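As provided, data.csv (CSV, C-alpha atoms and all ligand atoms) reads as follows.
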chain,number,residue,atom,x,y,z
A,1,MET,CA,13.0,0.2,-16.4
A,2,ASP,CA,12.0,-0.3,-20.0
A,3,LYS,CA,14.2,2.1,-22.0
A,4,THR,CA,11.3,3.3,-24.2
A,5,MET,CA,9.4,4.4,-21.1
A,6,ARG,CA,12.2,6.4,-19.5
A,7,ASP,CA,11.3,9.8,-21.1
A,8,LEU,CA,7.5,9.5,-20.8
A,9,GLN,CA,5.3,10.9,-18.0
A,10,PHE,CA,3.6,8.8,-15.3
A,11,ALA,CA,0.1,8.8,-16.8
A,12,THR,CA,1.4,7.8,-20.2
A,13,VAL,CA,3.5,5.0,-18.7
A,14,ALA,CA,0.5,3.6,-16.8
A,15,ILE,CA,-1.4,3.3,-20.1
A,16,HIS,CA,1.3,2.1,-22.4
A,17,SER,CA,4.1,0.3,-20.5
A,18,HIS,CA,4.2,-3.4,-21.5
A,19,GLN,CA,0.8,-3.0,-23.1
A,20,GLU,CA,1.6,-2.9,-26.8
A,21,PRO,CA,-1.2,-4.1,-29.2
A,22,ASP,CA,-1.2,-7.8,-29.5
A,23,GLU,CA,1.1,-8.9,-32.3
A,24,LYS,CA,-1.0,-11.7,-33.6
A,25,THR,CA,-4.5,-10.2,-33.5
A,26,GLY,CA,-4.0,-6.4,-33.1
A,27,ALA,CA,-6.0,-6.4,-29.9
A,28,VAL,CA,-5.4,-3.0,-28.4
A,29,ILE,CA,-5.9,-4.2,-24.8
A,30,THR,CA,-3.7,-6.9,-23.4
A,31,PRO,CA,-5.7,-10.1,-23.5
A,32,ILE,CA,-6.6,-12.3,-20.5
A,33,TYR,CA,-4.5,-15.3,-21.2
A,34,GLN,CA,-7.0,-17.6,-19.4
A,35,THR,CA,-4.9,-20.7,-19.6
A,36,THR,CA,-3.1,-22.9,-17.1
A,37,THR,CA,-0.6,-24.3,-19.5
A,38,PHE,CA,1.2,-23.6,-22.8
A,39,ALA,CA,2.0,-25.8,-25.8
A,40,GLN,CA,5.7,-26.7,-26.2
A,41,GLU,CA,7.3,-27.2,-29.6
A,42,ASP,CA,9.6,-29.8,-28.3
A,43,ALA,CA,10.1,-31.0,-24.7
A,44,GLY,CA,11.3,-28.0,-22.7
A,45,LYS,CA,11.1,-25.7,-25.8
A,46,HIS,CA,8.5,-23.0,-25.4
A,47,LYS,CA,7.8,-19.4,-26.1
A,48,GLY,CA,8.7,-18.2,-22.6
A,49,TYR,CA,5.7,-19.6,-20.7
A,50,ASP,CA,5.1,-23.2,-19.6
A,51,TYR,CA,2.6,-23.0,-16.7
A,52,SER,CA,0.6,-20.1,-15.4
A,53,ARG,CA,1.8,-20.2,-11.8
A,54,SER,CA,5.3,-19.7,-13.0
A,55,GLY,CA,4.4,-17.0,-15.5
A,56,ASN,CA,1.5,-15.8,-17.6
A,57,PRO,CA,1.5,-13.0,-20.3
A,58,THR,CA,-1.3,-11.0,-18.7
A,59,ARG,CA,0.7,-11.1,-15.4
A,60,THR,CA,3.9,-10.2,-17.2
A,61,ALA,CA,2.3,-7.0,-18.6
A,62,LEU,CA,1.1,-6.0,-15.1
A,63,GLU,CA,4.5,-6.8,-13.6
A,64,GLY,CA,6.4,-4.8,-16.2
A,65,CYS,CA,4.1,-1.8,-16.0
A,66,LEU,CA,4.3,-1.6,-12.2
A,67,ALA,CA,8.1,-1.8,-12.3
A,68,ASP,CA,8.2,1.1,-14.7
A,69,LEU,CA,5.8,3.2,-12.6
A,70,GLU,CA,7.9,2.7,-9.5
A,71,GLY,CA,11.1,3.3,-11.5
A,72,GLY,CA,12.3,-0.3,-10.7
A,73,GLU,CA,13.9,-3.1,-12.7
A,74,HIS,CA,11.5,-5.9,-11.9
A,75,GLY,CA,7.9,-6.4,-10.8
A,76,LEU,CA,6.5,-9.5,-9.3
A,77,CYS,CA,2.8,-10.0,-8.7
A,78,PHE,CA,0.9,-12.0,-6.1
A,79,ALA,CA,-2.6,-13.1,-5.1
A,80,SER,CA,-2.7,-10.5,-2.3
A,81,GLY,CA,-0.6,-7.9,-0.5
A,82,LEU,CA,-0.1,-10.5,2.2
A,83,GLY,CA,1.0,-13.0,-0.4
A,84,ALA,CA,3.7,-10.6,-1.4
A,85,LEU,CA,4.7,-10.1,2.2
A,86,THR,CA,4.8,-13.8,3.1
A,87,THR,CA,6.7,-14.7,-0.1
A,88,LEU,CA,9.2,-11.9,0.5
A,89,SER,CA,9.7,-13.0,4.1
A,90,MET,CA,10.2,-16.6,3.3
A,91,ALA,CA,12.6,-15.7,0.6
A,92,LEU,CA,14.8,-13.3,2.5
A,93,PHE,CA,14.8,-14.3,6.2
A,94,LYS,CA,15.6,-17.4,8.2
A,95,PRO,CA,15.2,-18.3,11.8
A,96,GLY,CA,17.6,-16.3,14.0
A,97,ASP,CA,17.3,-13.2,11.8
A,98,HIS,CA,16.0,-9.9,13.2
A,99,ILE,CA,13.7,-7.5,11.4
A,100,ILE,CA,13.0,-3.9,12.5
A,101,CYS,CA,9.4,-3.0,11.6
A,102,GLY,CA,7.4,0.2,12.0
A,103,ASP,CA,5.1,0.2,15.0
A,104,ASP,CA,2.1,1.6,13.1
A,105,VAL,CA,2.0,-0.8,10.1
A,106,TYR,CA,-1.2,-2.4,8.6
A,107,GLY,CA,-2.8,-4.8,11.2
A,108,GLY,CA,-2.3,-7.9,8.9
A,109,THR,CA,1.4,-7.1,8.5
A,110,TYR,CA,1.7,-6.9,12.3
A,111,ARG,CA,-0.3,-10.1,12.7
A,112,PHE,CA,1.9,-12.0,10.2
A,113,PHE,CA,5.2,-10.9,11.7
A,114,ASP,CA,4.0,-11.3,15.3
A,115,LYS,CA,1.8,-14.4,15.2
A,116,VAL,CA,3.3,-16.4,12.2
A,117,PHE,CA,6.8,-15.3,11.6
A,118,ARG,CA,7.9,-14.9,15.3
A,119,PRO,CA,7.0,-18.5,16.2
A,120,PHE,CA,8.9,-19.5,13.1
A,121,GLY,CA,12.1,-18.2,14.9
A,122,VAL,CA,12.5,-14.7,13.4
A,123,GLU,CA,12.9,-11.9,15.8
A,124,ILE,CA,10.8,-8.8,15.1
A,125,ASP,CA,10.9,-5.4,16.9
A,126,PHE,CA,8.1,-3.0,16.2
A,127,ILE,CA,9.4,0.5,16.8
A,128,GLU,CA,8.6,4.1,16.1
A,129,LEU,CA,10.5,4.9,12.9
A,130,ALA,CA,10.2,8.7,13.2
A,131,ASP,CA,13.3,9.0,15.3
A,132,LEU,CA,16.4,7.8,13.5
A,133,GLN,CA,18.4,7.4,16.7
A,134,THR,CA,15.8,4.9,18.1
A,135,VAL,CA,16.1,2.9,14.9
A,136,ARG,CA,19.9,3.0,15.0
A,137,GLN,CA,19.9,1.7,18.6
A,138,ALA,CA,17.5,-1.2,17.6
A,139,ILE,CA,20.0,-2.5,15.1
A,140,LYS,CA,21.6,-5.8,16.2
A,141,PRO,CA,24.3,-8.0,14.7
A,142,ASN,CA,21.5,-10.3,13.4
A,143,THR,CA,19.3,-7.5,12.0
A,144,LYS,CA,18.6,-8.1,8.3
A,145,ALA,CA,16.0,-5.6,7.3
A,146,ILE,CA,14.0,-2.5,8.0
A,147,PHE,CA,10.3,-2.7,7.0
A,148,LEU,CA,8.5,0.6,6.8
A,149,GLU,CA,5.1,2.0,5.8
A,150,THR,CA,4.5,5.7,5.0
A,151,PRO,CA,2.0,7.2,5.4
A,152,THR,CA,1.1,4.6,8.1
A,153,ASN,CA,-2.3,3.1,8.7
A,154,PRO,CA,-4.4,4.4,10.3
A,155,LEU,CA,-2.6,7.3,11.9
A,156,LEU,CA,-0.9,8.6,8.8
A,157,LYS,CA,2.5,9.1,10.4
A,158,LEU,CA,5.3,9.6,8.0
A,159,VAL,CA,8.7,8.0,7.9
A,160,ASP,CA,11.6,9.8,6.2
A,161,ILE,CA,12.2,7.4,3.3
A,162,GLU,CA,15.6,8.8,2.3
A,163,ALA,CA,16.9,8.7,5.9
A,164,MET,CA,15.7,5.2,6.4
A,165,ALA,CA,17.1,3.9,3.1
A,166,ALA,CA,20.5,5.5,4.0
A,167,LEU,CA,20.5,4.0,7.4
A,168,ALA,CA,19.7,0.6,6.0
A,169,LYS,CA,22.5,0.9,3.5
A,170,GLU,CA,25.0,2.0,6.1
A,171,HIS,CA,24.3,-1.2,8.1
A,172,ASN,CA,23.9,-3.5,5.1
A,173,LEU,CA,20.2,-4.1,5.8
A,174,ILE,CA,17.5,-4.6,3.2
A,175,SER,CA,15.1,-1.7,3.1
A,176,ILE,CA,11.5,-2.6,2.3
A,177,LEU,CA,8.7,0.1,1.9
A,178,ASP,CA,5.0,-0.7,1.8
A,179,ASN,CA,3.8,1.9,-0.6
A,180,THR,CA,0.2,0.9,-0.6
A,181,PHE,CA,-1.2,4.1,0.9
A,182,ALA,CA,0.7,6.5,-1.4
A,183,SER,CA,0.9,4.5,-4.6
A,184,PRO,CA,3.7,5.2,-7.1
A,185,TYR,CA,1.8,8.3,-8.3
A,186,LEU,CA,2.5,10.0,-5.0
A,187,GLN,CA,5.8,8.6,-3.9
A,188,GLN,CA,8.6,6.5,-5.4
A,189,GLY,CA,10.8,5.0,-2.7
A,190,LEU,CA,13.3,3.4,-5.0
A,191,LYS,CA,14.7,6.7,-6.1
A,192,TYR,CA,15.5,7.4,-2.4
A,193,GLY,CA,17.5,4.2,-2.2
A,194,ILE,CA,14.8,1.7,-1.0
A,195,ASP,CA,15.6,-1.9,-2.1
A,196,ILE,CA,12.1,-3.3,-2.4
A,197,ILE,CA,8.6,-1.8,-2.7
A,198,LEU,CA,5.6,-3.7,-1.6
A,199,HIS,CA,2.0,-3.1,-2.6
A,200,SER,CA,-1.4,-4.3,-1.8
A,201,THR,CA,-2.6,-3.7,-5.3
A,202,THR,CA,-6.1,-4.3,-3.9
A,203,LYS,CA,-6.1,-0.6,-3.0
A,204,TYR,CA,-5.2,2.4,-5.2
A,205,ILE,CA,-3.5,0.4,-8.0
A,206,GLY,CA,-6.5,-1.8,-8.8
A,207,GLY,CA,-8.6,1.2,-7.6
A,208,HIS,CA,-12.1,-0.2,-8.1
A,209,SER,CA,-12.6,-2.5,-5.1
A,210,ASP,CA,-13.1,-5.5,-7.3
A,211,VAL,CA,-9.8,-7.4,-7.2
A,212,VAL,CA,-7.4,-8.5,-4.5
A,213,GLY,CA,-3.7,-8.6,-5.3
A,214,GLY,CA,-0.2,-7.8,-4.3
A,215,ALA,CA,3.2,-6.8,-5.8
A,216,LEU,CA,6.9,-6.3,-5.2
A,217,VAL,CA,9.0,-4.0,-7.2
A,218,LEU,CA,12.8,-4.4,-7.0
A,219,ARG,CA,15.3,-1.6,-7.5
A,220,ASP,CA,17.9,-3.9,-9.2
A,221,ASP,CA,18.8,-7.5,-9.8
A,222,THR,CA,20.0,-8.3,-6.2
A,223,TYR,CA,16.9,-10.1,-5.0
A,224,ARG,CA,15.3,-11.0,-8.4
A,225,GLN,CA,16.3,-14.6,-8.6
A,226,VAL,CA,15.5,-15.6,-5.0
A,227,LEU,CA,12.1,-13.8,-5.1
A,228,ARG,CA,11.1,-15.2,-8.5
A,229,PHE,CA,12.1,-18.7,-7.2
A,230,HIS,CA,9.9,-18.2,-4.1
A,231,GLN,CA,7.1,-16.6,-6.1
A,232,ASN,CA,6.8,-19.8,-8.1
A,233,SER,CA,7.7,-22.2,-5.2
A,234,LEU,CA,5.2,-20.8,-2.7
A,235,GLY,CA,2.5,-20.3,-5.4
A,236,ALA,CA,0.7,-17.2,-4.1
A,237,THR,CA,0.3,-15.9,-7.6
A,238,PRO,CA,-2.6,-14.0,-9.2
A,239,ASP,CA,-4.8,-15.7,-11.8
A,240,PRO,CA,-4.9,-14.1,-15.3
A,241,PHE,CA,-8.3,-12.4,-14.8
A,242,ALA,CA,-7.1,-10.8,-11.5
A,243,SER,CA,-3.9,-9.6,-13.3
A,244,TRP,CA,-6.0,-8.2,-16.1
A,245,LEU,CA,-8.5,-6.4,-13.8
A,246,THR,CA,-5.5,-4.9,-11.9
A,247,LEU,CA,-3.9,-3.8,-15.1
A,248,ARG,CA,-7.1,-2.2,-16.3
A,249,GLY,CA,-7.4,-0.2,-13.0
A,250,LEU,CA,-3.8,0.8,-13.1
A,251,LYS,CA,-4.2,2.6,-16.5
A,252,THR,CA,-6.2,5.3,-14.7
A,253,LEU,CA,-4.1,5.6,-11.6
A,254,ALA,CA,-2.9,9.2,-12.3
A,255,VAL,CA,-6.4,10.7,-12.9
A,256,ARG,CA,-7.9,8.8,-10.0
A,257,MET,CA,-5.1,9.9,-7.6
A,258,LYS,CA,-5.5,13.5,-8.6
A,259,ALA,CA,-9.2,13.3,-7.8
A,260,HIS,CA,-8.7,11.4,-4.5
A,261,CYS,CA,-6.1,14.0,-3.3
A,262,ALA,CA,-8.3,17.0,-4.2
A,263,ASN,CA,-11.4,15.6,-2.5
A,264,ALA,CA,-9.4,14.5,0.6
A,265,MET,CA,-7.8,17.9,1.0
A,266,ALA,CA,-11.1,19.7,0.8
A,267,LEU,CA,-12.7,17.4,3.3
A,268,ALA,CA,-9.8,17.6,5.7
A,269,GLU,CA,-10.0,21.4,5.7
A,270,PHE,CA,-13.8,21.3,6.2
A,271,MET,CA,-13.6,18.8,9.1
A,272,GLU,CA,-10.8,20.6,10.8
A,273,SER,CA,-13.0,23.6,11.2
A,274,HIS,CA,-16.0,21.7,12.5
A,275,PRO,CA,-16.8,21.9,16.2
A,276,ASN,CA,-17.6,18.3,16.6
A,277,VAL,CA,-14.2,17.1,15.3
A,278,GLU,CA,-11.5,16.7,17.9
A,279,GLN,CA,-8.7,16.2,15.5
A,280,VAL,CA,-8.1,15.7,11.8
A,281,VAL,CA,-5.0,13.7,10.7
A,282,TYR,CA,-4.1,14.4,7.1
A,283,PRO,CA,-0.5,14.9,5.8
A,284,GLY,CA,-1.7,17.8,3.6
A,285,LEU,CA,-2.8,20.0,6.5
A,286,PRO,CA,-0.2,22.3,8.0
A,287,SER,CA,-1.4,21.0,11.4
A,288,HIS,CA,0.1,17.6,10.6
A,289,PRO,CA,3.3,17.3,12.6
A,290,GLN,CA,5.2,16.0,9.5
A,291,HIS,CA,3.6,18.2,6.9
A,292,GLN,CA,7.0,19.4,5.7
A,293,LEU,CA,8.3,15.9,5.3
A,294,ALA,CA,5.1,15.1,3.3
A,295,ARG,CA,5.9,18.1,1.0
A,296,LYS,CA,9.4,16.8,0.5
A,297,GLN,CA,8.8,13.1,-0.3
A,298,MET,CA,5.2,13.1,-1.7
A,299,ASN,CA,3.8,14.7,-4.8
A,300,ASP,CA,0.5,15.2,-3.2
A,301,PHE,CA,-1.1,14.0,0.1
A,302,GLY,CA,-3.3,11.1,-0.7
A,303,GLY,CA,-6.9,10.1,-0.2
A,304,MET,CA,-6.8,8.8,3.4
A,305,ILE,CA,-7.9,10.9,6.4
A,306,SER,CA,-8.2,9.8,10.0
A,307,VAL,CA,-10.4,11.8,12.3
A,308,ARG,CA,-11.2,11.8,16.0
A,309,ILE,CA,-14.9,12.5,16.6
A,310,ARG,CA,-15.9,14.5,19.7
A,311,GLY,CA,-18.0,12.4,22.0
A,312,GLY,CA,-16.2,9.0,22.1
A,313,LEU,CA,-17.2,5.7,20.8
A,314,ASP,CA,-21.0,6.3,20.7
A,315,ALA,CA,-20.6,9.6,18.7
A,316,SER,CA,-18.2,7.9,16.3
A,317,ARG,CA,-20.7,5.0,15.8
A,318,THR,CA,-23.5,7.5,15.1
A,319,PHE,CA,-21.2,9.4,12.7
A,320,MET,CA,-20.4,6.3,10.7
A,321,LYS,CA,-24.0,5.0,10.7
A,322,SER,CA,-25.3,8.3,9.6
A,323,LEU,CA,-23.1,8.6,6.5
A,324,LYS,CA,-25.0,7.8,3.3
A,325,LEU,CA,-22.2,7.9,0.7
A,326,PHE,CA,-19.3,6.6,2.7
A,327,THR,CA,-19.9,2.8,3.0
A,328,LEU,CA,-18.9,1.2,6.3
A,329,ALA,CA,-16.3,-1.3,5.1
A,330,GLU,CA,-12.7,-2.3,5.5
A,331,SER,CA,-10.2,-1.7,2.7
A,332,LEU,CA,-9.4,1.6,0.9
A,333,GLY,CA,-8.2,3.1,-2.3
A,334,GLY,CA,-11.3,2.5,-4.4
A,335,ILE,CA,-13.2,5.1,-6.4
A,336,GLU,CA,-16.0,4.9,-3.8
A,337,SER,CA,-15.7,6.5,-0.4
A,338,LEU,CA,-15.4,4.2,2.6
A,339,VAL,CA,-15.4,4.7,6.4
A,340,GLU,CA,-14.1,2.3,9.0
A,341,HIS,CA,-13.3,2.1,12.7
A,342,PRO,CA,-9.7,0.9,13.2
A,343,ALA,CA,-10.1,-0.2,16.8
A,344,LEU,CA,-13.2,-2.4,16.0
A,345,MET,CA,-12.3,-3.4,12.5
A,346,THR,CA,-8.9,-3.3,10.7
A,347,HIS,CA,-6.8,-3.2,13.9
A,348,ALA,CA,-9.0,-5.4,16.1
A,349,SER,CA,-6.4,-8.1,16.0
A,350,ILE,CA,-3.9,-5.9,17.8
A,351,GLU,CA,-4.0,-6.2,21.6
A,352,PRO,CA,-6.0,-3.3,23.2
A,353,GLU,CA,-3.0,-2.0,25.2
A,354,VAL,CA,-0.8,-2.0,22.1
A,355,ARG,CA,-3.5,-0.2,20.2
A,356,ALA,CA,-4.0,2.4,22.9
A,357,GLY,CA,-0.2,3.0,23.0
A,358,LEU,CA,-0.3,3.7,19.2
A,359,GLY,CA,-3.1,6.2,19.6
A,360,ILE,CA,-5.8,4.1,18.0
A,361,THR,CA,-8.5,5.4,20.3
A,362,ASP,CA,-12.2,4.5,20.3
A,363,ASN,CA,-13.2,7.8,18.7
A,364,LEU,CA,-10.8,7.4,15.7
A,365,VAL,CA,-12.5,6.9,12.4
A,366,ARG,CA,-10.7,6.4,9.1
A,367,LEU,CA,-12.0,7.7,5.8
A,368,SER,CA,-10.9,6.5,2.4
A,369,VAL,CA,-12.0,9.4,0.3
A,370,GLY,CA,-13.3,8.4,-3.1
A,371,ILE,CA,-13.7,10.4,-6.3
A,372,GLU,CA,-17.4,11.2,-6.1
A,373,ASP,CA,-18.4,14.9,-6.5
A,374,ILE,CA,-16.9,16.8,-3.5
A,375,ARG,CA,-20.1,18.8,-2.9
A,376,ASP,CA,-22.0,15.5,-2.2
A,377,LEU,CA,-19.2,14.2,0.0
A,378,LYS,CA,-19.0,17.4,2.0
A,379,ALA,CA,-22.8,17.4,2.5
A,380,ASP,CA,-22.8,13.8,3.7
A,381,ILE,CA,-20.0,14.4,6.2
A,382,ALA,CA,-21.7,17.6,7.4
A,383,GLN,CA,-25.1,15.9,8.1
A,384,ALA,CA,-23.4,12.9,9.8
A,385,LEU,CA,-21.3,15.2,12.1
A,386,GLU,CA,-24.5,17.1,13.0
A,387,LYS,CA,-26.1,13.8,14.1
A,388,ALA,CA,-23.0,12.8,16.1
A,389,ALA,CA,-22.9,16.3,17.7
A,390,ALA,CA,-26.6,15.9,18.8
A,391,LEU,CA,-25.7,12.7,20.5
A,392,ALA,CA,-22.6,14.1,22.1
A,393,LYS,CA,-24.7,17.0,23.6
A,394,VAL,CA,-27.2,14.6,25.3
B,1,LIG,C1,-0.8,-0.9,3.9
B,1,LIG,C2,-1.2,-2.3,3.6
B,1,LIG,N1,-0.3,-3.3,3.3
B,1,LIG,C3,-0.7,-4.5,3.0
B,1,LIG,C4,-2.0,-4.9,3.0
B,1,LIG,C5,-2.4,-6.3,2.7
B,1,LIG,O1,-2.9,-6.5,1.5
B,1,LIG,P1,-4.0,-7.5,1.0
B,1,LIG,O2,-5.2,-7.2,1.8
B,1,LIG,O3,-4.1,-7.3,-0.5
B,1,LIG,O4,-3.5,-8.9,1.3
B,1,LIG,C6,-3.0,-4.0,3.3
B,1,LIG,C7,-4.4,-4.3,3.3
B,1,LIG,O5,-5.3,-3.6,3.8
B,1,LIG,C8,-2.6,-2.6,3.6
B,1,LIG,O6,-3.5,-1.7,3.9
Turn this file's structure into structure tokens for me.
Ligand SMILES: Cc1ncc(COP(=O)(O)O)c(C=O)c1O
Amino acid sequence: MDKTMRDLQFATVAIHSHQEPDEKTGAVITPIYQTTTFAQEDAGKHKGYDYSRSGNPTRTALEGCLADLEGGEHGLCFASGLGALTTLSMALFKPGDHIICGDDVYGGTYRFFDKVFRPFGVEIDFIELADLQTVRQAIKPNTKAIFLETPTNPLLKLVDIEAMAALAKEHNLISILDNTFASPYLQQGLKYGIDIILHSTTKYIGGHSDVVGGALVLRDDTYRQVLRFHQNSLGATPDPFASWLTLRGLKTLAVRMKAHCANAMALAEFMESHPNVEQVVYPGLPSHPQHQLARKQMNDFGGMISVRIRGGLDASRTFMKSLKLFTLAESLGGIESLVEHPALMTHASIEPEVRAGLGITDNLVRLSVGIEDIRDLKADIAQALEKAAALAKV
């Protein structure tokens, strides 16, 4: 972490870390260094940058700021969250290695591990990470890493970060936490002993649904060199404008997260008391089975809610179609509210029987609660639930 940032609060770090006014021009905002290459004084003698895939000053600012916000030593940015995942995987694992991965991870993570990395010769077990004993039993002599997501997508299950990091350390495994759903504002895994944090910056970090990106943040120097080498060698790097947009979004992460959390809590409570809702899954509700763990490891409970609509698939479809402010779309974490159907959309690539086993039922709907006025969001949900209820009664 940058020493000058150590004593500052999160919201301040987001705005100032690695974003000093430009020395040459005084520009207050980090410029978009829209260039592929950099002039060299002499062959091989340059000012720290030679080619924008290898490094670019706009990207450097984003990487440094993200590292400071997660409390890490190094940040590395990518063209997407999956770019971060594939680069990490190519850099750290080889055929014959074994990875333990949560069974409720993002569908694209599952697809990469299952359909791309498994045929490549890497063994992967997807298991429930809630029970430490099950994880312990899954560790084999060739196990190299534990990959976890918390809260998970879409069922918002929690994994005990501290326990998982300790178990990984005990067995000399690399611990990797996908922190996309929480963002560093809500949860910082490195301080619990996690080795590497992964982000789809496309979500809360960018925050405006206008730029795709990914990042890794490293606790220390251990994997810096190999990951930097692969970042450059594989080439899944963000362009300067994407880095700049992400950095601009990141500046307001604290205020946005506060608003996301407050809106989500109010909607979760409202829906839990509604007769046409079978179940509301939200870590901030006392009914969430891991509410206490959420209180321990999260600063607040996030903007994601999953809800089972009474009346099955048809009622869920009517609910989603009737919403006026929640746009039916994949992705999450933007300022605008979205709704999606995991079984038909984000998790459609998972086999139906695996999906059913995970609890991704046909009446499960996922909400990404935005930062619009809560009165409007509540009214929208209320009218859509009424329409779904009318259908369920027929
Ligand atoms: C938790 C999580 N991790 C990783 C990803 C992949 O990120 P990207 O879409 O930026 O490649 C996503 C995307 O939805 C996600 O939700």
Surroundings of ligand LIG 1 (chain B) up to 9 Å, based on all atoms listed in the file, as a PyMOL selection string: chain A and resi 78-85+105-109+149-154+178-181+198-203+211-214+330-332+346
Save the residues we just selected, C-alpha atoms, as a PDB file, in the frame of the given file?
ATOM      1  CA  PHE A  78       0.900 -12.000  -6.100  1.00  0.00           C
ATOM      2  CA  ALA A  79      -2.600 -13.100  -5.100  1.00  0.00           C
ATOM      3  CA  SER A  80      -2.700 -10.500  -2.300  1.00  0.00           C
ATOM      4  CA  GLY A  81      -0.600  -7.900  -0.500  1.00  0.00           C
ATOM      5  CA  LEU A  82      -0.100 -10.500   2.200  1.00  0.00           C
ATOM      6  CA  GLY A  83       1.000 -13.000  -0.400  1.00  0.00           C
ATOM      7  CA  ALA A  84       3.700 -10.600  -1.400  1.00  0.00           C
ATOM      8  CA  LEU A  85       4.700 -10.100   2.200  1.00  0.00           C
ATOM      9  CA  VAL A 105       2.000  -0.800  10.100  1.00  0.00           C
ATOM     10  CA  TYR A 106      -1.200  -2.400   8.600  1.00  0.00           C
ATOM     11  CA  GLY A 107      -2.800  -4.800  11.200  1.00  0.00           C
ATOM     12  CA  GLY A 108      -2.300  -7.900   8.900  1.00  0.00           C
ATOM     13  CA  THR A 109       1.400  -7.100   8.500  1.00  0.00           C
ATOM     14  CA  GLU A 149       5.100   2.000   5.800  1.00  0.00           C
ATOM     15  CA  THR A 150       4.500   5.700   5.000  1.00  0.00           C
ATOM     16  CA  PRO A 151       2.000   7.200   5.400  1.00  0.00           C
ATOM     17  CA  THR A 152       1.100   4.600   8.100  1.00  0.00           C
ATOM     18  CA  ASN A 153      -2.300   3.100   8.700  1.00  0.00           C
ATOM     19  CA  PRO A 154      -4.400   4.400  10.300  1.00  0.00           C
ATOM     20  CA  ASP A 178       5.000  -0.700   1.800  1.00  0.00           C
ATOM     21  CA  ASN A 179       3.800   1.900  -0.600  1.00  0.00           C
ATOM     22  CA  THR A 180       0.200   0.900  -0.600  1.00  0.00           C
ATOM     23  CA  PHE A 181      -1.200   4.100   0.900  1.00  0.00           C
ATOM     24  CA  LEU A 198       5.600  -3.700  -1.600  1.00  0.00           C
ATOM     25  CA  HIS A 199       2.000  -3.100  -2.600  1.00  0.00           C
ATOM     26  CA  SER A 200      -1.400  -4.300  -1.800  1.00  0.00           C
ATOM     27  CA  THR A 201      -2.600  -3.700  -5.300  1.00  0.00           C
ATOM     28  CA  THR A 202      -6.100  -4.300  -3.900  1.00  0.00           C
ATOM     29  CA  LYS A 203      -6.100  -0.600  -3.000  1.00  0.00           C
ATOM     30  CA  VAL A 211      -9.800  -7.400  -7.200  1.00  0.00           C
ATOM     31  CA  VAL A 212      -7.400  -8.500  -4.500  1.00  0.00           C
ATOM     32  CA  GLY A 213      -3.700  -8.600  -5.300  1.00  0.00           C
ATOM     33  CA  GLY A 214      -0.200  -7.800  -4.300  1.00  0.00           C
ATOM     34  CA  GLU A 330     -12.700  -2.300   5.500  1.00  0.00           C
ATOM     35  CA  SER A 331     -10.200  -1.700   2.700  1.00  0.00           C
ATOM     36  CA  LEU A 332      -9.400   1.600   0.900  1.00  0.00           C
ATOM     37  CA  THR A 346      -8.900  -3.300  10.700  1.00  0.00           C
TER      38      THR A 346
END
Arg295 in chain A proximity check over A:Asp103, A:Asp195, A:Glu336, A:Asp160, using all atoms listed in the file: winner is A:Asp160
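Near Pro275 in chain A, within 10 Å and counting all atoms listed in the file, sit Ile309, Arg310, Leu385, Glu386 and Ala389 of chain A, not including residues fewer than 5 positions from it in the same chain.
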Need to verify the contact set: range 29-44 of chain A, 8 Å, only C-alpha atoms, exclusion of same-chain residues closer than 4 positions in sequence. Can you return it as a PyMOL selection string? chain A and resi 19-22+49-53+56-58+61+240-241+244
Go through A:Ile139, A:Cys101, A:Ile196, A:Cys261 one by one, measure the shortest atom-to-atom distance of each to Arg224 in chain A using only C-alpha atoms, and give the residue with the smallest value.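 Closest to Arg224 in chain A of all the choices is A:Ile196.
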Distance in Å - CA of His288 in chain A versus CA of Glu340 in chain A: 20.9 Å
Fill-in result for range 99-104 of chain A, N, CA, C and O atoms as a compact mmCIF listing (two decimals), in the coordinates of the input:
# COMPACT_ATOMS: atom_id res chain seq x y z
N ILE A 99 14.25 -8.49 12.34
CA ILE A 99 13.70 -7.50 11.40
C ILE A 99 13.22 -6.29 12.31
O ILE A 99 12.60 -6.48 13.37
N ILE A 100 13.50 -5.09 11.83
CA ILE A 100 13.00 -3.90 12.50
C ILE A 100 11.76 -3.45 11.63
O ILE A 100 11.88 -3.26 10.42
N CYS A 101 10.61 -3.33 12.31
CA CYS A 101 9.40 -3.00 11.60
C CYS A 101 8.73 -1.78 12.24
O CYS A 101 8.76 -1.65 13.48
N GLY A 102 8.16 -0.90 11.47
CA GLY A 102 7.40 0.20 12.00
C GLY A 102 6.34 -0.22 12.97
O GLY A 102 5.78 -1.30 12.80
N ASP A 103 6.04 0.59 13.99
CA ASP A 103 5.10 0.20 15.00
C ASP A 103 3.62 0.50 14.60
O ASP A 103 2.69 0.24 15.35
N ASP A 104 3.44 1.10 13.44
CA ASP A 104 2.10 1.60 13.10
C ASP A 104 1.74 1.00 11.68
O ASP A 104 1.06 1.63 10.90
